[in-house]
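The next block holds one structure in the form of structure tokens; read it before the comments.
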Amino acid sequence: MKSKLTTAQEAVSRVKEGDTVMIGGFLNGGHPENLVKALVETNSAGDLAIISNDTGSPDLSIYQLVKSGRVKRIFASYIGLNPETGRLLMSGEAAVQLFPQGTLAEKIRAGGAGLGGFLTPVGVGTVVEEGKKKVEIDDREYLLEMPLRANVALIRARQADEAGNLVINGSSRNFNIVMASAADYVIAEVDEYVKTGEIDPNHVNVPGIFVDAIVKVG
């Protein structure tokens with residue numbers, strides 16, 4: 001079996017011009033900081049689309065990525081701690097699209113499951129419904145939300161084995177789990193790397209079949 005273990009620099013070289021990149025985490029929680037930092041420092045691909053719950057704060061590398069001018073589209077649910085994303089939204093320099101947090105998670109899950117979309121009542125009667133198809137079922141209106149997929153996903157886990165099986169603890173699971181199935185190439189930043197068989201199958205949060213590259217940090 002070919003080893004999935006690699007360096008952050010080598011892993012992020014997979015990102016190409018015009019790619020869509022998913023970035024896991026909820027602010028600091030479960031954020032793949034070292035992978036994003038490598039993307040900022042060693043990869044110059046531009047015209048990127050970023051899918052992330054939030055775009056971080058000034059102390060995180062995702063802020064520097066957004067500020068670099070290489071990101072032209074942003075899909076997120078919260079941008080309040082990143083003034084640069086707010087500026088891009090107001091100036092129109094990048095297309096920033098916001099979704100309710102649960103809707104964003106479900107759009108990613110739908111992408112990973114191969115669904116054509118899903119119906120939700122969340123956002124009906126608000127600015128969220130602008131430009132979206134509405135469907136009425138049993139006298140209730142729903143919005144049709146389309147799935148999201150990416151070329152590359154950068155995610156964070158506590159532990160990985162040689163096969164790529166991941167253990168993600170507590171609230172760090174957030175968007176990392178759903179993103180692992182919704183991208184063509186998945187890179188996992190991990191604290192611990194062990195031999196295949198050392199992780200109890202009952203503790204696996206992301207099966208290794210979804211993981212293409214592993215970067216051990218620390």
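Within each chain, counting starts at residue 1; across the structure tokens, chains are named A, B, ... in the order shown, with ligands numbered 1 upward in that order.
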Enumerate, as a count of residues only, the complete set of residues in region 25-175 of chain A that a backbone-based DSSP assignment places in alpha helix (DSSP H). 39
Using only C-alpha atoms, which residues sit within 12 Å of Glu189 (chain A) once same-chain residues fewer than 6 positions away are excluded, as a PyMOL selection string? chain A and resi 4-9+11-12+23-25+30-38+153-160+164+166-168+176+211-218
Spatial neighbours of region 63-77 of chain A, 7 Å, only C-alpha atoms, chain gap at least 2 places, as a list in words: Val40, Gly46, Asp47, Leu48, Ala49, Ile50, Ile51, Ser52, Asn53, Asp54, Thr55, Gly56, Ser57, Pro58, Leu60, Ser61, Ile79, Asn82, Glu84, Thr85, Ala94, Ala95, Val96, Gln97, Leu98, Phe99, Pro100, Gln101 and Leu104 of chain A
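Between CA of Gly117 (chain A) and CA of Ala150 (chain A) lies a distance of 15.5 Å.
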Min atom-atom distance to Phe118 (chain A) from the set A:Leu143, A:Ala183, A:Ile137, A:Leu39, counting only C-alpha atoms, belongs to A:Leu143
Which residues, written as a PyMOL selection string, have at least one atom at most 10 Å from Ile209 (chain A), with only C-alpha atoms counted and residues fewer than 4 positions away on the same chain left out? chain A and resi 163-165+180-181+186
Restricting it to N, CA, C and O atoms, dump the selection as a short mmCIF file (atom, residue, chain, number, x, y, z; two decimals), in the first residue's frame.
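Result file is part-v3.cif:
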```
data_model
loop_
_atom_site.label_atom_id
_atom_site.label_comp_id
_atom_site.auth_asym_id
_atom_site.auth_seq_id
_atom_site.Cartn_x
_atom_site.Cartn_y
_atom_site.Cartn_z
N ALA A 163 -3.66 3.75 6.74
CA ALA A 163 -4.70 3.62 5.71
C ALA A 163 -5.48 4.91 5.53
O ALA A 163 -6.30 5.01 4.61
N GLY A 164 -5.24 5.89 6.41
CA GLY A 164 -5.94 7.17 6.31
C GLY A 164 -7.18 7.28 7.17
O GLY A 164 -7.87 8.31 7.12
N ASN A 165 -7.48 6.26 7.96
CA ASN A 165 -8.61 6.36 8.88
C ASN A 165 -8.34 7.46 9.90
O ASN A 165 -7.23 7.54 10.45
N ALA A 180 -14.86 15.71 4.19
CA ALA A 180 -14.01 14.59 3.76
C ALA A 180 -14.63 13.78 2.62
O ALA A 180 -13.91 13.16 1.84
N SER A 181 -15.96 13.79 2.52
CA SER A 181 -16.60 13.01 1.45
C SER A 181 -17.02 13.88 0.27
O SER A 181 -17.56 13.37 -0.72
N VAL A 186 -8.53 14.83 -0.65
CA VAL A 186 -8.66 15.21 0.75
C VAL A 186 -7.31 15.10 1.46
O VAL A 186 -6.67 14.04 1.45
#
```
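Among the candidates A:Glu93, A:Val122, A:Tyr78, A:Glu145, the residue lying nearest to Phe26 (chain A) is A:Tyr78 (atoms considered: only C-alpha atoms).
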Separation of CA of Thr196 (chain A) and CA of Phe175 (chain A), in Å?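 CA of Thr196 (chain A) sits 24.8 Å away from CA of Phe175 (chain A).
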